[in-house]
$ cat run.txt   # compact mmCIF, N, CA, C and O atoms
# COMPACT_ATOMS: atom_id res chain seq x y z
N MET A 1 76.26 103.75 149.11
CA MET A 1 77.47 102.97 149.03
C MET A 1 77.60 102.30 147.66
O MET A 1 78.67 102.22 147.10
N ALA A 2 76.50 101.81 147.12
CA ALA A 2 76.53 101.13 145.83
C ALA A 2 76.88 102.10 144.70
O ALA A 2 77.55 101.73 143.74
N LYS A 3 76.43 103.35 144.82
CA LYS A 3 76.74 104.35 143.79
C LYS A 3 78.24 104.63 143.74
O LYS A 3 78.80 104.82 142.67
N LYS A 4 78.89 104.67 144.89
CA LYS A 4 80.32 104.93 144.92
C LYS A 4 81.09 103.79 144.24
O LYS A 4 82.06 104.02 143.53
N LYS A 5 80.65 102.55 144.45
CA LYS A 5 81.31 101.42 143.82
C LYS A 5 81.15 101.47 142.30
O LYS A 5 82.07 101.19 141.56
N GLN A 6 79.95 101.84 141.85
CA GLN A 6 79.72 101.92 140.41
C GLN A 6 80.56 103.02 139.78
O GLN A 6 81.13 102.85 138.70
N GLN A 7 80.69 104.17 140.46
CA GLN A 7 81.50 105.26 139.94
C GLN A 7 82.98 104.86 139.92
O GLN A 7 83.71 105.18 138.99
N ALA A 8 83.42 104.15 140.93
CA ALA A 8 84.82 103.70 140.97
C ALA A 8 85.10 102.73 139.84
O ALA A 8 86.16 102.78 139.22
N GLN A 9 84.15 101.84 139.55
CA GLN A 9 84.34 100.89 138.46
C GLN A 9 84.38 101.60 137.11
O GLN A 9 85.17 101.25 136.24
N LYS A 10 83.56 102.62 136.93
CA LYS A 10 83.57 103.37 135.68
C LYS A 10 84.89 104.10 135.51
O LYS A 10 85.46 104.13 134.43
N ASN A 11 85.40 104.70 136.57
CA ASN A 11 86.67 105.43 136.49
C ASN A 11 87.83 104.49 136.21
O ASN A 11 88.75 104.83 135.48
N ASN A 12 87.82 103.31 136.81
CA ASN A 12 88.89 102.35 136.57
C ASN A 12 88.86 101.82 135.14
O ASN A 12 89.89 101.52 134.57
N GLY A 13 87.70 101.72 134.55
CA GLY A 13 87.58 101.23 133.19
C GLY A 13 88.07 102.21 132.15
O GLY A 13 88.43 101.84 131.05
N ASN A 14 88.11 103.51 132.45
CA ASN A 14 88.51 104.53 131.49
C ASN A 14 90.01 104.83 131.51
O ASN A 14 90.45 105.68 130.78
N LYS A 15 90.77 104.18 132.34
CA LYS A 15 92.19 104.50 132.44
C LYS A 15 92.97 104.14 131.19
O LYS A 15 93.84 104.88 130.76
N ASN A 16 92.67 103.02 130.57
CA ASN A 16 93.46 102.53 129.45
C ASN A 16 92.76 102.72 128.11
O ASN A 16 92.84 101.86 127.24
N THR A 17 92.10 103.83 127.90
CA THR A 17 91.37 104.02 126.66
C THR A 17 92.26 104.52 125.53
O THR A 17 91.95 104.31 124.38
N ASN A 18 93.39 105.16 125.81
CA ASN A 18 94.21 105.75 124.77
C ASN A 18 95.56 105.04 124.69
O ASN A 18 96.60 105.65 124.83
N ASN A 19 95.55 103.73 124.43
CA ASN A 19 96.79 102.97 124.33
C ASN A 19 97.33 102.91 122.92
O ASN A 19 98.36 102.32 122.68
N PHE A 20 96.64 103.50 121.93
CA PHE A 20 97.06 103.38 120.55
C PHE A 20 98.39 104.08 120.30
O PHE A 20 99.26 103.55 119.63
N GLU A 21 98.59 105.26 120.84
CA GLU A 21 99.79 106.05 120.56
C GLU A 21 100.98 105.66 121.43
O GLU A 21 102.09 106.02 121.14
N LYS A 22 100.74 104.92 122.51
CA LYS A 22 101.84 104.55 123.40
C LYS A 22 102.64 103.43 122.78
O LYS A 22 102.10 102.48 122.25
N SER A 23 103.97 103.54 122.83
CA SER A 23 104.80 102.47 122.31
C SER A 23 105.13 101.49 123.43
O SER A 23 105.16 101.84 124.60
N LYS A 24 105.38 100.27 123.06
CA LYS A 24 105.69 99.25 124.04
C LYS A 24 107.15 99.38 124.47
O LYS A 24 107.98 99.90 123.73
N PRO A 25 107.48 98.89 125.65
CA PRO A 25 108.87 98.93 126.06
C PRO A 25 109.70 97.98 125.20
O PRO A 25 109.19 96.99 124.67
N ASN A 26 110.97 98.28 125.06
CA ASN A 26 111.91 97.49 124.27
C ASN A 26 111.54 97.43 122.79
O ASN A 26 111.72 96.41 122.14
N THR A 27 111.00 98.51 122.23
CA THR A 27 110.70 98.56 120.81
C THR A 27 111.29 99.82 120.21
O THR A 27 111.48 100.83 120.89
N ILE A 28 111.57 99.75 118.92
CA ILE A 28 112.08 100.89 118.16
C ILE A 28 111.05 101.20 117.08
O ILE A 28 110.68 100.32 116.31
N LEU A 29 110.58 102.43 117.02
CA LEU A 29 109.63 102.84 115.99
C LEU A 29 110.38 103.47 114.83
O LEU A 29 111.24 104.31 115.03
N CYS A 30 110.07 103.06 113.59
CA CYS A 30 110.69 103.68 112.42
C CYS A 30 109.75 103.62 111.22
O CYS A 30 108.78 102.87 111.22
N GLU A 31 110.07 104.42 110.24
CA GLU A 31 109.30 104.48 109.00
C GLU A 31 109.93 103.53 108.00
O GLU A 31 111.14 103.32 107.99
N ALA A 32 109.08 102.95 107.12
CA ALA A 32 109.58 101.99 106.15
C ALA A 32 108.70 102.01 104.91
O ALA A 32 107.61 102.58 104.91
N GLN A 33 109.22 101.39 103.84
CA GLN A 33 108.47 101.24 102.60
C GLN A 33 108.43 99.75 102.26
O GLN A 33 109.44 99.05 102.36
N VAL A 34 107.25 99.29 101.84
CA VAL A 34 107.08 97.87 101.50
C VAL A 34 107.77 97.61 100.17
O VAL A 34 107.50 98.26 99.17
N VAL A 35 108.67 96.63 100.17
CA VAL A 35 109.43 96.29 98.97
C VAL A 35 108.85 95.06 98.28
O VAL A 35 108.79 95.00 97.06
N GLU A 36 108.40 94.08 99.08
CA GLU A 36 107.90 92.83 98.50
C GLU A 36 106.80 92.27 99.40
O GLU A 36 106.88 92.36 100.62
N VAL A 37 105.79 91.69 98.76
CA VAL A 37 104.69 91.04 99.49
C VAL A 37 104.95 89.54 99.46
O VAL A 37 105.10 88.95 98.39
N LEU A 38 105.01 88.92 100.64
CA LEU A 38 105.28 87.49 100.77
C LEU A 38 104.01 86.76 101.19
O LEU A 38 103.06 87.39 101.69
N PRO A 39 103.95 85.44 101.03
CA PRO A 39 102.77 84.70 101.51
C PRO A 39 102.66 84.71 103.03
O PRO A 39 103.62 85.04 103.72
N ASN A 40 101.51 84.31 103.53
CA ASN A 40 101.21 84.22 104.97
C ASN A 40 101.31 85.57 105.66
O ASN A 40 101.79 85.67 106.78
N ALA A 41 100.85 86.63 105.01
CA ALA A 41 100.78 87.97 105.59
C ALA A 41 102.14 88.44 106.11
O ALA A 41 102.25 88.95 107.21
N LYS A 42 103.16 88.28 105.30
CA LYS A 42 104.48 88.79 105.63
C LYS A 42 104.94 89.73 104.53
O LYS A 42 104.52 89.60 103.38
N PHE A 43 105.78 90.67 104.90
CA PHE A 43 106.25 91.67 103.96
C PHE A 43 107.73 91.91 104.16
O PHE A 43 108.24 91.81 105.27
N LYS A 44 108.42 92.22 103.06
CA LYS A 44 109.79 92.70 103.16
C LYS A 44 109.71 94.22 103.07
O LYS A 44 109.15 94.75 102.11
N VAL A 45 110.26 94.90 104.07
CA VAL A 45 110.19 96.36 104.12
C VAL A 45 111.59 96.94 104.20
O VAL A 45 112.49 96.35 104.79
N LEU A 46 111.76 98.12 103.60
CA LEU A 46 113.02 98.84 103.62
C LEU A 46 112.93 99.94 104.67
O LEU A 46 112.10 100.85 104.55
N LEU A 47 113.75 99.84 105.70
CA LEU A 47 113.73 100.84 106.77
C LEU A 47 114.46 102.09 106.31
O LEU A 47 115.57 102.02 105.78
N LYS A 48 113.84 103.26 106.51
CA LYS A 48 114.47 104.52 106.12
C LYS A 48 115.67 104.85 106.99
O LYS A 48 116.70 105.28 106.50
N ASP A 49 115.52 104.66 108.30
CA ASP A 49 116.57 105.07 109.23
C ASP A 49 117.83 104.23 109.11
O ASP A 49 118.94 104.75 109.17
N PHE A 50 117.66 102.92 108.93
CA PHE A 50 118.81 102.02 108.94
C PHE A 50 119.22 101.57 107.54
O PHE A 50 120.25 100.92 107.38
N ASN A 51 118.41 101.85 106.51
CA ASN A 51 118.66 101.48 105.12
C ASN A 51 118.89 99.97 104.98
O ASN A 51 119.81 99.53 104.29
N THR A 52 118.08 99.18 105.67
CA THR A 52 118.16 97.73 105.59
C THR A 52 116.77 97.17 105.29
O THR A 52 115.76 97.81 105.54
N ILE A 53 116.74 95.96 104.78
CA ILE A 53 115.49 95.28 104.49
C ILE A 53 115.25 94.23 105.56
O ILE A 53 116.13 93.42 105.86
N ILE A 54 114.05 94.26 106.15
CA ILE A 54 113.68 93.29 107.18
C ILE A 54 112.35 92.65 106.81
O ILE A 54 111.67 93.09 105.88
N GLU A 55 111.96 91.63 107.54
CA GLU A 55 110.67 90.97 107.36
C GLU A 55 109.71 91.48 108.42
O GLU A 55 110.06 91.56 109.59
N ALA A 56 108.50 91.84 108.00
CA ALA A 56 107.52 92.39 108.95
C ALA A 56 106.16 91.75 108.74
O ALA A 56 105.81 91.34 107.63
N THR A 57 105.40 91.69 109.82
CA THR A 57 104.03 91.18 109.79
C THR A 57 103.09 92.29 110.27
O THR A 57 103.49 93.13 111.06
N PRO A 58 101.85 92.30 109.81
CA PRO A 58 100.91 93.32 110.29
C PRO A 58 100.49 93.06 111.73
O PRO A 58 100.42 91.93 112.18
N SER A 59 100.20 94.14 112.45
CA SER A 59 99.75 94.01 113.83
C SER A 59 98.30 93.53 113.86
O SER A 59 97.63 93.44 112.83
N GLY A 60 97.81 93.24 115.04
CA GLY A 60 96.47 92.71 115.20
C GLY A 60 95.38 93.66 114.75
O GLY A 60 94.39 93.25 114.15
N LYS A 61 95.54 94.97 115.03
CA LYS A 61 94.52 95.95 114.63
C LYS A 61 94.43 96.05 113.11
O LYS A 61 93.35 96.22 112.55
N ILE A 62 95.56 95.95 112.42
CA ILE A 62 95.54 96.02 110.96
C ILE A 62 94.86 94.78 110.39
O ILE A 62 94.09 94.86 109.44
N ARG A 63 95.11 93.63 110.98
CA ARG A 63 94.45 92.40 110.52
C ARG A 63 92.95 92.44 110.78
O ARG A 63 92.16 92.05 109.92
N LEU A 64 92.55 92.89 111.97
CA LEU A 64 91.12 92.93 112.31
C LEU A 64 90.34 93.88 111.42
O LEU A 64 89.19 93.61 111.07
N ASN A 65 90.95 95.01 111.05
CA ASN A 65 90.26 96.00 110.23
C ASN A 65 90.46 95.77 108.74
O ASN A 65 90.03 96.59 107.93
N HIS A 66 91.12 94.68 108.35
CA HIS A 66 91.32 94.29 106.95
C HIS A 66 91.95 95.42 106.14
O HIS A 66 91.50 95.74 105.04
N ILE A 67 92.99 96.03 106.67
CA ILE A 67 93.70 97.10 105.98
C ILE A 67 94.65 96.47 104.98
O ILE A 67 95.48 95.64 105.33
N ARG A 68 94.53 96.86 103.72
CA ARG A 68 95.36 96.30 102.66
C ARG A 68 96.72 96.99 102.65
O ARG A 68 96.80 98.22 102.70
N ILE A 69 97.75 96.21 102.55
CA ILE A 69 99.11 96.74 102.44
C ILE A 69 99.66 96.24 101.11
O ILE A 69 99.71 95.03 100.86
N LEU A 70 100.07 97.18 100.25
CA LEU A 70 100.54 96.85 98.92
C LEU A 70 102.02 97.20 98.78
O LEU A 70 102.58 97.94 99.59
N LYS A 71 102.61 96.70 97.72
CA LYS A 71 104.00 97.02 97.42
C LYS A 71 104.12 98.51 97.13
O LYS A 71 103.34 99.07 96.37
N GLY A 72 105.06 99.16 97.78
CA GLY A 72 105.27 100.60 97.60
C GLY A 72 104.64 101.45 98.69
O GLY A 72 104.89 102.65 98.75
N ASP A 73 103.80 100.89 99.55
CA ASP A 73 103.17 101.65 100.63
C ASP A 73 104.20 102.06 101.68
O ASP A 73 105.16 101.34 101.93
N PHE A 74 103.96 103.20 102.30
CA PHE A 74 104.79 103.66 103.41
C PHE A 74 104.08 103.28 104.71
O PHE A 74 102.90 103.54 104.89
N VAL A 75 104.83 102.64 105.62
CA VAL A 75 104.25 102.12 106.85
C VAL A 75 105.14 102.49 108.03
O VAL A 75 106.31 102.83 107.87
N SER A 76 104.55 102.41 109.23
CA SER A 76 105.31 102.54 110.47
C SER A 76 105.56 101.14 111.01
O SER A 76 104.65 100.31 111.03
N VAL A 77 106.79 100.89 111.45
CA VAL A 77 107.19 99.55 111.88
C VAL A 77 107.75 99.62 113.29
O VAL A 77 108.50 100.54 113.62
N GLU A 78 107.38 98.65 114.12
CA GLU A 78 107.96 98.48 115.45
C GLU A 78 108.99 97.36 115.37
O GLU A 78 108.69 96.27 114.91
N LEU A 79 110.20 97.64 115.82
CA LEU A 79 111.26 96.63 115.88
C LEU A 79 111.52 96.28 117.33
O LEU A 79 111.55 97.15 118.18
N SER A 80 111.75 95.02 117.59
CA SER A 80 112.13 94.60 118.93
C SER A 80 113.63 94.81 119.09
O SER A 80 114.40 94.64 118.15
N THR A 81 114.05 95.19 120.28
CA THR A 81 115.48 95.38 120.51
C THR A 81 116.20 94.04 120.60
O THR A 81 117.42 93.99 120.48
N TYR A 82 115.46 92.96 120.77
CA TYR A 82 116.07 91.64 120.88
C TYR A 82 116.39 91.04 119.51
O TYR A 82 117.36 90.33 119.36
N ASP A 83 115.53 91.29 118.52
CA ASP A 83 115.74 90.76 117.18
C ASP A 83 115.46 91.86 116.16
O ASP A 83 114.31 92.19 115.91
N LEU A 84 116.50 92.43 115.58
CA LEU A 84 116.35 93.56 114.67
C LEU A 84 116.08 93.13 113.23
O LEU A 84 116.05 93.97 112.34
N THR A 85 115.87 91.85 112.99
CA THR A 85 115.59 91.38 111.63
C THR A 85 114.10 91.19 111.38
O THR A 85 113.71 90.93 110.26
N LYS A 86 113.27 91.30 112.42
CA LYS A 86 111.83 91.12 112.27
C LYS A 86 111.10 92.30 112.91
O LYS A 86 111.58 92.89 113.86
N GLY A 87 109.95 92.63 112.34
CA GLY A 87 109.20 93.77 112.87
C GLY A 87 107.70 93.56 112.74
O GLY A 87 107.23 92.57 112.20
N ARG A 88 106.96 94.55 113.25
CA ARG A 88 105.50 94.54 113.23
C ARG A 88 105.03 95.83 112.59
O ARG A 88 105.40 96.92 113.03
N ILE A 89 104.19 95.73 111.57
CA ILE A 89 103.63 96.92 110.91
C ILE A 89 102.47 97.41 111.77
O ILE A 89 101.50 96.69 111.99
N THR A 90 102.58 98.66 112.25
CA THR A 90 101.57 99.20 113.15
C THR A 90 100.66 100.22 112.49
O THR A 90 99.57 100.49 113.00
N PHE A 91 101.09 100.81 111.37
CA PHE A 91 100.28 101.87 110.75
C PHE A 91 100.63 101.96 109.27
O PHE A 91 101.80 101.87 108.90
N ARG A 92 99.61 102.14 108.43
CA ARG A 92 99.81 102.37 106.99
C ARG A 92 99.49 103.82 106.71
O ARG A 92 98.39 104.29 107.01
N HIS A 93 100.44 104.56 106.14
CA HIS A 93 100.24 105.98 105.87
C HIS A 93 99.39 106.16 104.62
O HIS A 93 99.66 105.57 103.58
N LYS A 94 98.35 106.99 104.73
CA LYS A 94 97.38 107.16 103.65
C LYS A 94 97.86 108.10 102.55
O LYS A 94 97.58 107.89 101.39
N GLY A 95 98.53 109.18 102.90
CA GLY A 95 98.83 110.25 101.95
C GLY A 95 99.72 109.86 100.81
O GLY A 95 99.67 110.44 99.74
N LYS A 96 100.54 108.85 100.98
CA LYS A 96 101.50 108.48 99.96
C LYS A 96 100.97 107.30 99.17
O LYS A 96 100.55 106.31 99.71
N LYS A 97 101.01 107.41 97.86
CA LYS A 97 100.48 106.36 96.97
C LYS A 97 101.56 105.31 96.71
O LYS A 97 102.74 105.60 96.74
N PRO A 98 101.17 104.10 96.38
CA PRO A 98 102.15 103.09 96.00
C PRO A 98 102.85 103.49 94.71
O PRO A 98 102.26 104.16 93.85
N SER A 99 104.08 103.07 94.55
CA SER A 99 104.89 103.49 93.41
C SER A 99 104.54 102.73 92.14
O SER A 99 104.80 103.19 91.05
N ASN A 100 103.95 101.55 92.24
CA ASN A 100 103.72 100.72 91.06
C ASN A 100 102.24 100.67 90.68
O ASN A 100 101.64 99.62 90.60
N THR A 101 101.63 101.81 90.41
CA THR A 101 100.23 101.81 89.97
C THR A 101 100.19 101.50 88.47
O THR A 101 101.14 101.77 87.74
N ASN A 102 99.10 100.92 88.01
CA ASN A 102 98.97 100.56 86.60
C ASN A 102 98.54 101.76 85.78
O ASN A 102 97.39 101.96 85.50
N GLN A 103 99.51 102.56 85.37
CA GLN A 103 99.21 103.73 84.57
C GLN A 103 99.51 103.48 83.09
O GLN A 103 99.23 104.30 82.25
N GLU A 104 100.10 102.29 82.76
CA GLU A 104 100.40 102.01 81.37
C GLU A 104 99.14 101.75 80.57
O GLU A 104 99.08 101.96 79.37
N ASN A 105 98.08 101.24 81.25
CA ASN A 105 96.85 100.88 80.56
C ASN A 105 96.02 102.10 80.19
O ASN A 105 95.13 102.01 79.36
N ASN A 106 96.23 103.25 80.81
CA ASN A 106 95.40 104.44 80.55
C ASN A 106 95.80 105.14 79.30
O ASN A 106 96.70 105.36 78.79
$ encode --input "run.txt" --output "C-alpha cells"
Amino acid sequence: MAKKKQQAQKNNGNKNTNNFEKSKPNTILCEAQVVEVLPNAKFKVLLKDFNTIIEATPSGKIRLNHIRILKGDFVSVELSTYDLTKGRITFRHKGKKPSNTNQENN
C-alpha cells in the first residue's frame, strides 16, 4: 500500500514540469527590440507587430539567471490584455547581436 502512495506522489509531481512554453491566459506574445534601458530594471521596447513603444520589465526567470539585456537586443514580450502599455520580457534571443556595438575603437 505504501508503494502505491509513493508512486502516486511521484506521478503527481511530474505533471507541471514543462510550464516554460505555455503562455498564461489573457496575455499577448510578441517580438520586440530594446530601444532604451531605464533604471530599476525597466526597458523601453519597440513592438514589431504593433509598431509602438512600451515599458517592459524582465520576468522572474531572467532576473534569477542574471541574463543581461542591452540596448538593441531582440526579446519576446508578454502583454496583458488589460494594460497594453506595460509588458514582461520573457526571453532574450541569442542569435541577433545588439545594434550599438563599439566597433569605432577597432
$ residues_near_point --input "run.txt" --point "(108.3, 96.5, 103.8)" --cutoff "6 Å" --atoms "only C-alpha atoms" --output "PDB file with N, CA, C and O atoms, keeping the file's coordinate frame"
ATOM      1  N   GLN A  33     109.220 101.390 103.840  1.00  0.00           N
ATOM      2  CA  GLN A  33     108.470 101.240 102.600  1.00  0.00           C
ATOM      3  C   GLN A  33     108.430  99.750 102.260  1.00  0.00           C
ATOM      4  O   GLN A  33     109.440  99.050 102.360  1.00  0.00           O
ATOM      5  N   VAL A  34     107.250  99.290 101.840  1.00  0.00           N
ATOM      6  CA  VAL A  34     107.080  97.870 101.500  1.00  0.00           C
ATOM      7  C   VAL A  34     107.770  97.610 100.170  1.00  0.00           C
ATOM      8  O   VAL A  34     107.500  98.260  99.170  1.00  0.00           O
ATOM      9  N   VAL A  35     108.670  96.630 100.170  1.00  0.00           N
ATOM     10  CA  VAL A  35     109.430  96.290  98.970  1.00  0.00           C
ATOM     11  C   VAL A  35     108.850  95.060  98.280  1.00  0.00           C
ATOM     12  O   VAL A  35     108.790  95.000  97.060  1.00  0.00           O
ATOM     13  N   PHE A  43     105.780  90.670 104.900  1.00  0.00           N
ATOM     14  CA  PHE A  43     106.250  91.670 103.960  1.00  0.00           C
ATOM     15  C   PHE A  43     107.730  91.910 104.160  1.00  0.00           C
ATOM     16  O   PHE A  43     108.240  91.810 105.270  1.00  0.00           O
ATOM     17  N   LYS A  44     108.420  92.220 103.060  1.00  0.00           N
ATOM     18  CA  LYS A  44     109.790  92.700 103.160  1.00  0.00           C
ATOM     19  C   LYS A  44     109.710  94.220 103.070  1.00  0.00           C
ATOM     20  O   LYS A  44     109.150  94.750 102.110  1.00  0.00           O
ATOM     21  N   VAL A  45     110.260  94.900 104.070  1.00  0.00           N
ATOM     22  CA  VAL A  45     110.190  96.360 104.120  1.00  0.00           C
ATOM     23  C   VAL A  45     111.590  96.940 104.200  1.00  0.00           C
ATOM     24  O   VAL A  45     112.490  96.350 104.790  1.00  0.00           O
ATOM     25  N   LEU A  46     111.760  98.120 103.600  1.00  0.00           N
ATOM     26  CA  LEU A  46     113.020  98.840 103.620  1.00  0.00           C
ATOM     27  C   LEU A  46     112.930  99.940 104.670  1.00  0.00           C
ATOM     28  O   LEU A  46     112.100 100.850 104.550  1.00  0.00           O
TER      29      LEU A  46
END
$ atom_distance --input "run.txt" --atom1 "CA of Asn26 (chain A)" --atom2 "CA of Thr81 (chain A)"
5.6 Å
$ atom_distance --input "run.txt" --atom1 "CA of Asp73 (chain A)" --atom2 "CA of Glu55 (chain A)"
14.7 Å
$ atom_distance --input "run.txt" --atom1 "atom O of Pro58 (chain A)" --atom2 "atom C of Val75 (chain A)"
12.3 Å
$ closest_residue --input "run.txt" --among "A:Cys30, A:Ile67, A:Phe91, A:Lys24" --to "Phe50 (chain A)" --atoms "all atoms listed in the file"
A:Cys30
$ closest_residue --input "run.txt" --among "A:Phe74, A:Pro39, A:Thr52, A:Leu64" --to "Ile89 (chain A)" --atoms "only C-alpha atoms"
A:Phe74
$ closest_residue --input "run.txt" --among "A:Ala41, A:Ile54, A:Ile28, A:Gly72" --to "Thr85 (chain A)" --atoms "only N, CA, C and O atoms"
A:Ile54
$ select_by_dssp --input "run.txt" --residues "region 22-91 of chain A" --states "strand (DSSP E)" --output "ChimeraX atom specification"
/A:27-38,42-47,53-58,74-80,86-91
$ residues_around --input "run.txt" --residues "Glu78 (chain A)" --least-positions-apart "6" --cutoff "5 Å" --atoms "only N, CA, C and O atoms" --output "tab-separated table (two decimals) with N, CA, C and O atoms, keeping the file's coordinate frame"
chain	number	residue	atom	x	y	z
A	28	ILE	N	111.57	99.75	118.92
A	28	ILE	CA	112.08	100.89	118.16
A	28	ILE	C	111.05	101.20	117.08
A	28	ILE	O	110.68	100.32	116.31
A	29	LEU	N	110.58	102.43	117.02
A	29	LEU	CA	109.63	102.84	115.99
A	29	LEU	C	110.38	103.47	114.83
A	29	LEU	O	111.24	104.31	115.03
A	86	LYS	N	113.27	91.30	112.42
A	86	LYS	CA	111.83	91.12	112.27
A	86	LYS	C	111.10	92.30	112.91
A	86	LYS	O	111.58	92.89	113.86
A	87	GLY	N	109.95	92.63	112.34
A	87	GLY	CA	109.20	93.77	112.87
A	87	GLY	C	107.70	93.56	112.74
A	87	GLY	O	107.23	92.57	112.20
A	88	ARG	N	106.96	94.55	113.25
A	88	ARG	CA	105.50	94.54	113.23
A	88	ARG	C	105.03	95.83	112.59
A	88	ARG	O	105.40	96.92	113.03
$ closest_residue --input "run.txt" --among "A:Lys71, A:Ala56, A:Glu36, A:Glu31" --to "Asp83 (chain A)" --atoms "only C-alpha atoms"
A:Ala56
$ closest_residue --input "run.txt" --among "A:Gly95, A:Leu84, A:Thr27, A:Val37" --to "Ile53 (chain A)" --atoms "all atoms listed in the file"
A:Leu84
